[in-house]
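Visitor: My structure is in coords_29.pdb, and what it holds is PDB, C-alpha atoms and all ligand atoms:
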ATOM      1  CA  MET A  91      -6.079  40.660 -21.585
ATOM      2  CA  SER A  92      -4.204  43.261 -19.583
ATOM      3  CA  LYS A  93      -0.537  43.194 -20.315
ATOM      4  CA  ARG A  94       0.926  46.282 -18.721
ATOM      5  CA  VAL A  95       0.519  45.936 -14.991
ATOM      6  CA  VAL A  96       2.006  47.538 -11.897
ATOM      7  CA  VAL A  97       1.888  45.289  -8.805
ATOM      8  CA  LEU A  98       1.747  47.247  -5.555
ATOM      9  CA  GLY A  99       1.725  46.207  -1.923
ATOM     10  CA  PRO A 100       3.742  46.360   1.274
ATOM     11  CA  PRO A 101       6.997  44.456   1.780
ATOM     12  CA  GLY A 102       6.137  40.777   2.112
ATOM     13  CA  ALA A 103       2.723  41.082   0.433
ATOM     14  CA  GLY A 104       3.839  38.496  -2.125
ATOM     15  CA  LYS A 105       4.488  40.751  -5.106
ATOM     16  CA  GLY A 106       7.543  38.790  -6.214
ATOM     17  CA  THR A 107       5.887  35.414  -5.623
ATOM     18  CA  GLN A 108       2.759  36.297  -7.587
ATOM     19  CA  CYS A 109       4.537  38.163 -10.400
ATOM     20  CA  ALA A 110       6.782  35.155 -11.051
ATOM     21  CA  LEU A 111       3.730  32.891 -11.473
ATOM     22  CA  LEU A 112       1.799  35.350 -13.603
ATOM     23  CA  ALA A 113       4.768  36.186 -15.829
ATOM     24  CA  ALA A 114       5.465  32.506 -16.511
ATOM     25  CA  ALA A 115       1.824  31.715 -17.213
ATOM     26  CA  ARG A 116       1.129  34.666 -19.482
ATOM     27  CA  GLY A 117       4.516  35.224 -21.082
ATOM     28  CA  LEU A 118       5.003  38.674 -19.581
ATOM     29  CA  LEU A 119       8.270  40.352 -18.660
ATOM     30  CA  HIS A 120       8.644  40.366 -14.844
ATOM     31  CA  LEU A 121      10.629  43.402 -13.838
ATOM     32  CA  SER A 122      11.431  43.352 -10.115
ATOM     33  CA  THR A 123      13.467  46.369  -9.054
ATOM     34  CA  GLY A 124      14.356  44.544  -5.819
ATOM     35  CA  ASP A 125      15.759  41.559  -7.747
ATOM     36  CA  LEU A 126      17.684  43.827 -10.114
ATOM     37  CA  LEU A 127      19.203  45.729  -7.194
ATOM     38  CA  ARG A 128      20.142  42.489  -5.414
ATOM     39  CA  ALA A 129      21.776  41.278  -8.649
ATOM     40  CA  GLU A 130      23.993  44.380  -8.573
ATOM     41  CA  VAL A 131      24.954  43.565  -4.986
ATOM     42  CA  ALA A 132      25.723  39.934  -5.882
ATOM     43  CA  ALA A 133      27.909  41.086  -8.790
ATOM     44  CA  GLU A 134      29.941  43.139  -6.269
ATOM     45  CA  SER A 135      30.034  46.090  -8.690
ATOM     46  CA  SER A 136      30.842  49.523  -7.269
ATOM     47  CA  LEU A 137      27.174  50.369  -7.714
ATOM     48  CA  GLY A 138      26.327  47.126  -5.900
ATOM     49  CA  GLN A 139      28.392  48.173  -2.903
ATOM     50  CA  GLN A 140      26.430  51.416  -2.539
ATOM     51  CA  VAL A 141      23.139  49.591  -3.013
ATOM     52  CA  LYS A 142      24.055  46.926  -0.424
ATOM     53  CA  ALA A 143      24.304  49.473   2.378
ATOM     54  CA  VAL A 144      20.924  50.995   1.435
ATOM     55  CA  LEU A 145      19.160  47.617   1.358
ATOM     56  CA  GLU A 146      20.651  46.591   4.696
ATOM     57  CA  ARG A 147      19.295  49.745   6.326
ATOM     58  CA  GLY A 148      15.819  49.144   4.865
ATOM     59  CA  ASP A 149      15.855  52.470   2.999
ATOM     60  CA  LEU A 150      14.852  53.090  -0.608
ATOM     61  CA  VAL A 151      17.504  53.307  -3.306
ATOM     62  CA  SER A 152      17.680  56.635  -5.196
ATOM     63  CA  ASP A 153      14.875  57.365  -7.647
ATOM     64  CA  ASP A 154      17.228  58.194 -10.516
ATOM     65  CA  LEU A 155      19.064  54.915 -10.223
ATOM     66  CA  VAL A 156      15.909  52.818 -10.110
ATOM     67  CA  LEU A 157      14.364  54.753 -13.008
ATOM     68  CA  ALA A 158      17.486  54.215 -15.123
ATOM     69  CA  ILE A 159      17.189  50.459 -14.552
ATOM     70  CA  VAL A 160      13.483  50.379 -15.460
ATOM     71  CA  ARG A 161      13.872  52.656 -18.496
ATOM     72  CA  HIS A 162      16.650  50.493 -19.876
ATOM     73  CA  ARG A 163      14.683  47.244 -19.482
ATOM     74  CA  LEU A 164      11.345  48.537 -20.790
ATOM     75  CA  SER A 165      12.827  50.278 -23.794
ATOM     76  CA  LEU A 166      14.433  46.997 -24.915
ATOM     77  CA  HIS A 167      11.212  45.025 -24.521
ATOM     78  CA  GLN A 168       8.282  44.571 -26.901
ATOM     79  CA  GLY A 169       5.166  43.129 -25.309
ATOM     80  CA  GLY A 170       3.522  42.973 -21.936
ATOM     81  CA  TRP A 171       5.144  43.455 -18.548
ATOM     82  CA  LEU A 172       4.630  43.328 -14.798
ATOM     83  CA  LEU A 173       6.374  45.946 -12.702
ATOM     84  CA  ASP A 174       7.105  44.538  -9.231
ATOM     85  CA  GLY A 175       8.306  46.960  -6.555
ATOM     86  CA  PHE A 176       8.220  50.023  -8.808
ATOM     87  CA  PRO A 177       7.014  52.722  -8.385
ATOM     88  CA  ARG A 178       7.767  53.024  -4.679
ATOM     89  CA  ASN A 179       7.001  56.710  -4.088
ATOM     90  CA  SER A 180       5.330  59.689  -5.773
ATOM     91  CA  PRO A 181       8.401  60.902  -7.697
ATOM     92  CA  GLN A 182       8.884  57.389  -9.119
ATOM     93  CA  ALA A 183       5.188  57.224 -10.065
ATOM     94  CA  ALA A 184       5.484  60.547 -11.917
ATOM     95  CA  MET A 185       8.681  59.358 -13.636
ATOM     96  CA  LEU A 186       6.917  56.157 -14.683
ATOM     97  CA  ASP A 187       4.022  58.129 -16.207
ATOM     98  CA  ASP A 188       6.495  60.175 -18.267
ATOM     99  CA  LEU A 189       8.452  57.089 -19.300
ATOM    100  CA  LEU A 190       5.333  55.197 -20.412
ATOM    101  CA  ALA A 191       4.130  58.241 -22.362
ATOM    102  CA  ASP A 192       7.530  58.367 -24.147
ATOM    103  CA  LEU A 193       7.363  54.646 -24.899
ATOM    104  CA  GLU A 194       3.668  54.829 -25.889
ATOM    105  CA  GLN A 195       2.930  51.959 -23.509
ATOM    106  CA  PRO A 196       0.086  53.156 -21.265
ATOM    107  CA  LEU A 197      -0.451  51.356 -17.980
ATOM    108  CA  GLN A 198      -3.550  49.139 -17.958
ATOM    109  CA  ILE A 199      -3.897  48.009 -14.327
ATOM    110  CA  ALA A 200      -2.421  48.735 -10.886
ATOM    111  CA  LEU A 201      -2.936  45.688  -8.645
ATOM    112  CA  GLN A 202      -2.741  46.334  -4.917
ATOM    113  CA  LEU A 203      -2.125  43.275  -2.706
ATOM    114  CA  GLN A 204      -3.583  43.684   0.785
ATOM    115  CA  VAL A 205      -2.103  41.782   3.763
ATOM    116  CA  PRO A 206      -2.318  42.666   7.496
ATOM    117  CA  GLU A 207       0.872  43.970   9.095
ATOM    118  CA  GLU A 208       1.508  41.112  11.535
ATOM    119  CA  GLU A 209       1.252  38.581   8.692
ATOM    120  CA  LEU A 210       3.747  40.653   6.678
ATOM    121  CA  VAL A 211       6.232  40.649   9.551
ATOM    122  CA  ALA A 212       5.837  36.885  10.064
ATOM    123  CA  ARG A 213       6.355  36.169   6.350
ATOM    124  CA  LEU A 214       9.426  38.373   6.058
ATOM    125  CA  LEU A 215      11.069  36.989   9.186
ATOM    126  CA  SER A 216      10.568  33.463   7.917
ATOM    127  CA  ARG A 217      11.897  34.396   4.444
ATOM    128  CA  GLY A 218      15.199  35.316   6.102
ATOM    129  CA  ARG A 219      16.788  37.490   3.413
ATOM    130  CA  SER A 220      19.696  39.632   4.709
ATOM    131  CA  ASP A 221      17.383  42.702   4.892
ATOM    132  CA  ASP A 222      14.683  40.748   6.751
ATOM    133  CA  ASN A 223      15.552  41.226  10.449
ATOM    134  CA  GLU A 224      12.734  42.640  12.593
ATOM    135  CA  ALA A 225      14.038  46.204  13.020
ATOM    136  CA  VAL A 226      14.677  46.585   9.290
ATOM    137  CA  VAL A 227      11.318  45.015   8.389
ATOM    138  CA  ARG A 228       9.437  47.462  10.668
ATOM    139  CA  LYS A 229      11.329  50.362   9.122
ATOM    140  CA  ARG A 230      10.466  49.175   5.592
ATOM    141  CA  LEU A 231       6.794  48.963   6.594
ATOM    142  CA  GLN A 232       6.895  52.547   7.914
ATOM    143  CA  ILE A 233       8.519  53.768   4.714
ATOM    144  CA  TYR A 234       5.839  51.909   2.761
ATOM    145  CA  ALA A 235       3.025  53.615   4.706
ATOM    146  CA  ARG A 236       4.606  57.039   4.317
ATOM    147  CA  GLN A 237       5.946  56.951   0.780
ATOM    148  CA  THR A 238       4.397  54.111  -1.214
ATOM    149  CA  GLU A 239       0.786  53.769  -0.087
ATOM    150  CA  PRO A 240      -0.103  57.360  -1.091
ATOM    151  CA  ILE A 241       0.534  56.552  -4.767
ATOM    152  CA  ASN A 242      -2.596  54.366  -4.798
ATOM    153  CA  ALA A 243      -4.642  57.576  -5.048
ATOM    154  CA  ARG A 244      -2.997  58.403  -8.357
ATOM    155  CA  TYR A 245      -4.127  55.109  -9.894
ATOM    156  CA  GLN A 246      -7.514  55.195  -8.190
ATOM    157  CA  GLU A 247      -8.287  58.564  -9.791
ATOM    158  CA  ARG A 248      -7.563  57.097 -13.204
ATOM    159  CA  GLY A 249      -9.750  54.041 -12.563
ATOM    160  CA  LEU A 250      -6.750  51.688 -12.792
ATOM    161  CA  LEU A 251      -6.553  50.443  -9.189
ATOM    162  CA  GLN A 252      -7.701  46.903  -8.322
ATOM    163  CA  TRP A 253      -7.513  45.644  -4.726
ATOM    164  CA  VAL A 254      -6.685  41.968  -4.205
ATOM    165  CA  ASP A 255      -6.785  40.100  -0.879
ATOM    166  CA  GLY A 256      -3.250  38.713  -0.416
ATOM    167  CA  LEU A 257      -4.098  36.424   2.533
ATOM    168  CA  GLY A 258      -4.393  32.699   1.897
ATOM    169  CA  SER A 259      -2.307  30.174   0.002
ATOM    170  CA  VAL A 260      -0.151  31.286  -2.924
ATOM    171  CA  GLU A 261      -2.576  29.461  -5.266
ATOM    172  CA  GLU A 262      -5.636  31.165  -3.758
ATOM    173  CA  VAL A 263      -4.076  34.589  -4.158
ATOM    174  CA  ALA A 264      -2.997  33.751  -7.735
ATOM    175  CA  ALA A 265      -6.576  32.795  -8.590
ATOM    176  CA  ARG A 266      -7.871  36.110  -7.210
ATOM    177  CA  ILE A 267      -5.328  38.017  -9.269
ATOM    178  CA  CYS A 268      -6.410  36.151 -12.406
ATOM    179  CA  ASN A 269     -10.029  36.993 -11.747
ATOM    180  CA  SER A 270      -9.170  40.595 -11.189
ATOM    181  CA  LEU A 271      -7.154  40.865 -14.418
ATOM    182  CA  ASP A 272      -9.780  39.076 -16.448
ATOM    183  CA  GLU A 273     -12.600  41.209 -15.059
ATOM    184  CA  CYS A 274     -10.704  44.276 -16.204
ATOM    185  CA  ALA A 275      -9.964  42.847 -19.637
ATOM    186  CA  PRO A 276     -11.628  39.531 -20.414
ATOM    187  CA  SER A 277      -9.333  37.023 -22.059
ATOM    188  CA  GLU A 278      -9.487  33.477 -23.336
ATOM    189  CA  GLU A 279      -6.095  32.781 -21.791
ATOM    190  CA  THR A 280      -6.142  31.419 -18.245
ATOM    191  CA  ILE A 281      -3.494  30.795 -15.638
ATOM    192  CA  CYS A 282      -5.755  29.500 -12.938
TER     193      CYS A 282
HETATM  194  P1  LIG B 301      11.441  43.906  -2.903
HETATM  195  O1  LIG B 301      12.426  43.009  -3.561
HETATM  196  O2  LIG B 301      10.431  44.599  -3.784
HETATM  197  O3  LIG B 301      10.752  42.936  -1.845
HETATM  198  P2  LIG B 301       9.593  42.953  -0.802
HETATM  199  O4  LIG B 301       8.695  44.145  -1.011
HETATM  200  O5  LIG B 301      10.251  42.819   0.533
HETATM  201  O6  LIG B 301       8.759  41.608  -0.967
HETATM  202  P3  LIG B 301       7.541  41.072  -1.878
HETATM  203  O7  LIG B 301       6.250  41.820  -1.697
HETATM  204  O8  LIG B 301       8.024  40.916  -3.293
HETATM  205  O9  LIG B 301       7.247  39.673  -1.199
HETATM  206  P4  LIG B 301       7.645  38.163  -1.594
HETATM  207  O10 LIG B 301       6.912  37.681  -2.808
HETATM  208  O11 LIG B 301       9.136  38.035  -1.603
HETATM  209  O12 LIG B 301      12.203  45.090  -2.120
HETATM  210  C1  LIG B 301      13.405  44.912  -1.346
HETATM  211  C2  LIG B 301      14.171  46.242  -1.166
HETATM  212  O13 LIG B 301      14.677  46.717  -2.460
HETATM  213  C3  LIG B 301      13.383  47.448  -0.645
HETATM  214  O14 LIG B 301      13.294  47.456   0.783
HETATM  215  C4  LIG B 301      14.217  48.647  -1.191
HETATM  216  O15 LIG B 301      15.333  48.917  -0.390
HETATM  217  C5  LIG B 301      14.727  48.165  -2.531
HETATM  218  N1  LIG B 301      13.868  48.611  -3.656
HETATM  219  C6  LIG B 301      13.108  47.795  -4.445
HETATM  220  N2  LIG B 301      12.446  48.524  -5.363
HETATM  221  C7  LIG B 301      12.775  49.833  -5.136
HETATM  222  C8  LIG B 301      12.386  51.068  -5.750
HETATM  223  N3  LIG B 301      11.513  51.109  -6.766
HETATM  224  N4  LIG B 301      12.913  52.228  -5.270
HETATM  225  C9  LIG B 301      13.800  52.222  -4.271
HETATM  226  N5  LIG B 301      14.202  51.083  -3.624
HETATM  227  C10 LIG B 301      13.698  49.895  -4.056
HETATM  228  O16 LIG B 301       7.027  37.368  -0.376
HETATM  229  C11 LIG B 301       7.553  37.526   0.938
HETATM  230  C12 LIG B 301       7.570  36.183   1.678
HETATM  231  O17 LIG B 301       6.235  35.737   1.872
HETATM  232  C13 LIG B 301       8.293  35.063   0.908
HETATM  233  O18 LIG B 301       9.016  34.290   1.821
HETATM  234  C14 LIG B 301       7.161  34.258   0.293
HETATM  235  O19 LIG B 301       7.498  32.882   0.133
HETATM  236  C15 LIG B 301       6.072  34.432   1.328
HETATM  237  N6  LIG B 301       4.736  34.403   0.749
HETATM  238  C16 LIG B 301       4.346  34.933  -0.443
HETATM  239  N7  LIG B 301       3.043  34.726  -0.643
HETATM  240  C17 LIG B 301       2.573  34.064   0.474
HETATM  241  C18 LIG B 301       1.289  33.567   0.886
HETATM  242  N8  LIG B 301       0.185  33.705   0.122
HETATM  243  N9  LIG B 301       1.183  32.969   2.105
HETATM  244  C19 LIG B 301       2.286  32.824   2.882
HETATM  245  N10 LIG B 301       3.533  33.242   2.551
HETATM  246  C20 LIG B 301       3.665  33.864   1.362
END
Output the structure of this file as structure tokens.
Ligand code: B4P
Guide:
Amino acid sequence: MSKRVVVLGPPGAGKGTQCALLAAARGLLHLSTGDLLRAEVAAESSLGQQVKAVLERGDLVSDDLVLAIVRHRLSLHQGGWLLDGFPRNSPQAAMLDDLLADLEQPLQIALQLQVPEEELVARLLSRGRSDDNEAVVRKRLQIYARQTEPINARYQERGLLQWVDGLGSVEEVAARICNSLDECAPSEETIC
């Protein structure tokens, strides 16, 4: 089974929701850069105060900071993982390639969740996190289209990219993700 997976998709595509299910079912580390950044904010550290302003504007946090967080977590971990929300742009994708080469942990799959824009906006506005007001959500979607979506090509070229329809119930999407992972690397384990 595939154990080293990057989960890609626009804000609100359900990356966090699906990674939590998959990590619990398959015993994988779920590394969400968004959750880790929000934990810094909640801890009210000096770093958290800088991060808070960035999140509230809907911008991306600096590449070096996010990479430091990911490097630290992955280097402590033995076993499979799901990266949720990272990489978010081309420099982060290049940094991740270098990091995984150093750690001798090659990526096995990049899963791309596809959801139409109006559904994304509706989901995020009903989630109601502090960075989920309409103006900020639209800005995050624009940043996604400009900076994040282009990294799909990198994974496509390497034959790692799998598209998954993210519309439907959480359980339906989870089942599609399972099928996609198992088609890439058949396994006797199931989560569906
Ligand atoms: P993230 O925490 O990554 O969050 P997200 O992209 O907004 O949401 P996600 O796709 O995980 O959707 P979710 O499951 O919650 O990023 C937040 C911010 O952190 C970024 O804007 C950025 O500032 C910063 N950041 C994070 N990583 C970074 C990086 N690498 N570099 C720089 N900055 C970074 O689902 C959304 C909602 O939809 C939920 O309410 C959920 O219940 C609902 N939902 C899920 N699946 C559904 C379904 N099938 N049907 C209906 N509703 C569904």
Visitor: Hey, which residues sit close to ligand LIG 301 (chain B)? Say within 8 Å, counting only C-alpha atoms and all ligand atoms, and write them as number ranges by chain.
Guide: A: 99-109, 122-125, 127-128, 144-153, 156-157, 174-179, 182, 210, 213-214, 216-218, 221-222, 230, 256-263
Visitor: Would you pick out the contacts of Leu189 in chain A at 10 Å or less, using all atoms listed in the file, so that residues sharing its chain but fewer than 3 positions from it are not included, and give the list as a list in words?
Guide: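 That gives Leu157, Val160, Arg161, Leu164, Ser165, Ala183, Ala184, Met185, Leu186, Asp192, Leu193, Glu194, Gln195 and Pro196 of chain A.
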Visitor: Could you tell me how far CA of Glu208 in chain A sits from CA of Ser270 in chain A, in Å to one decimal place?
Guide: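 Value for the CA of Ser270 in chain A-CA of Glu208 in chain A distance: 25.1 Å.
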Visitor: Could you list, as a list of chain:residue names, every residue matched by the PyMOL selection byres (((chain A and resi 203) around 7) and not hetatm) in this structure?
Guide: A:Leu98, A:Gly99, A:Ala103, A:Leu201, A:Gln202, A:Gln204, A:Val205, A:Trp253, A:Val254, A:Asp255, A:Gly256
Visitor: For the structure shown, which residues end up in the PyMOL selection byres (((chain A and resi 114-121) around 6) and not hetatm)? Put them as an mmCIF file with C-alpha atoms, in the frame of the given file, please?
Guide:
data_model
loop_
_atom_site.group_PDB
_atom_site.id
_atom_site.type_symbol
_atom_site.label_atom_id
_atom_site.label_comp_id
_atom_site.auth_asym_id
_atom_site.auth_seq_id
_atom_site.Cartn_x
_atom_site.Cartn_y
_atom_site.Cartn_z
ATOM 1 C CA LEU A 111 3.730 32.891 -11.473
ATOM 2 C CA LEU A 112 1.799 35.350 -13.603
ATOM 3 C CA ALA A 113 4.768 36.186 -15.829
ATOM 4 C CA SER A 122 11.431 43.352 -10.115
ATOM 5 C CA GLY A 170 3.522 42.973 -21.936
ATOM 6 C CA TRP A 171 5.144 43.455 -18.548
ATOM 7 C CA LEU A 172 4.630 43.328 -14.798
ATOM 8 C CA LEU A 173 6.374 45.946 -12.702
ATOM 9 C CA ASP A 174 7.105 44.538 -9.231
ATOM 10 C CA ILE A 281 -3.494 30.795 -15.638
#
Visitor: Using Å and a single decimal, report how far CA of Asn242 in chain A sits from CA of Cys274 in chain A.
Guide: 17.3 Å
Visitor: Range 136-154 of chain A, all listed atoms, 4 Å padding on each side: what axis-aligned box centre and edge lengths in Å to one decimal come out, as JSON?
Guide:
{"center_x": 22.8, "center_y": 52.4, "center_z": -2.1, "size_x": 24.0, "size_y": 19.6, "size_z": 24.8}
Visitor: Quick one: pull the distance between CA of Cys268 in chain A and CA of Pro206 in chain A, Å, one decimal.
Guide: 21.3 Å
Visitor: Would you mind listing what lies within 6 Å of Leu250 in chain A as a compact mmCIF listing (two decimals) with C-alpha atoms, in the frame of the given file, with only C-alpha atoms counted and same-chain residues fewer than 4 positions away left out?
Guide:
# COMPACT_ATOMS: atom_id res chain seq x y z
CA ILE A 199 -3.90 48.01 -14.33
CA ALA A 200 -2.42 48.74 -10.89
CA TYR A 245 -4.13 55.11 -9.89
CA GLN A 246 -7.51 55.20 -8.19
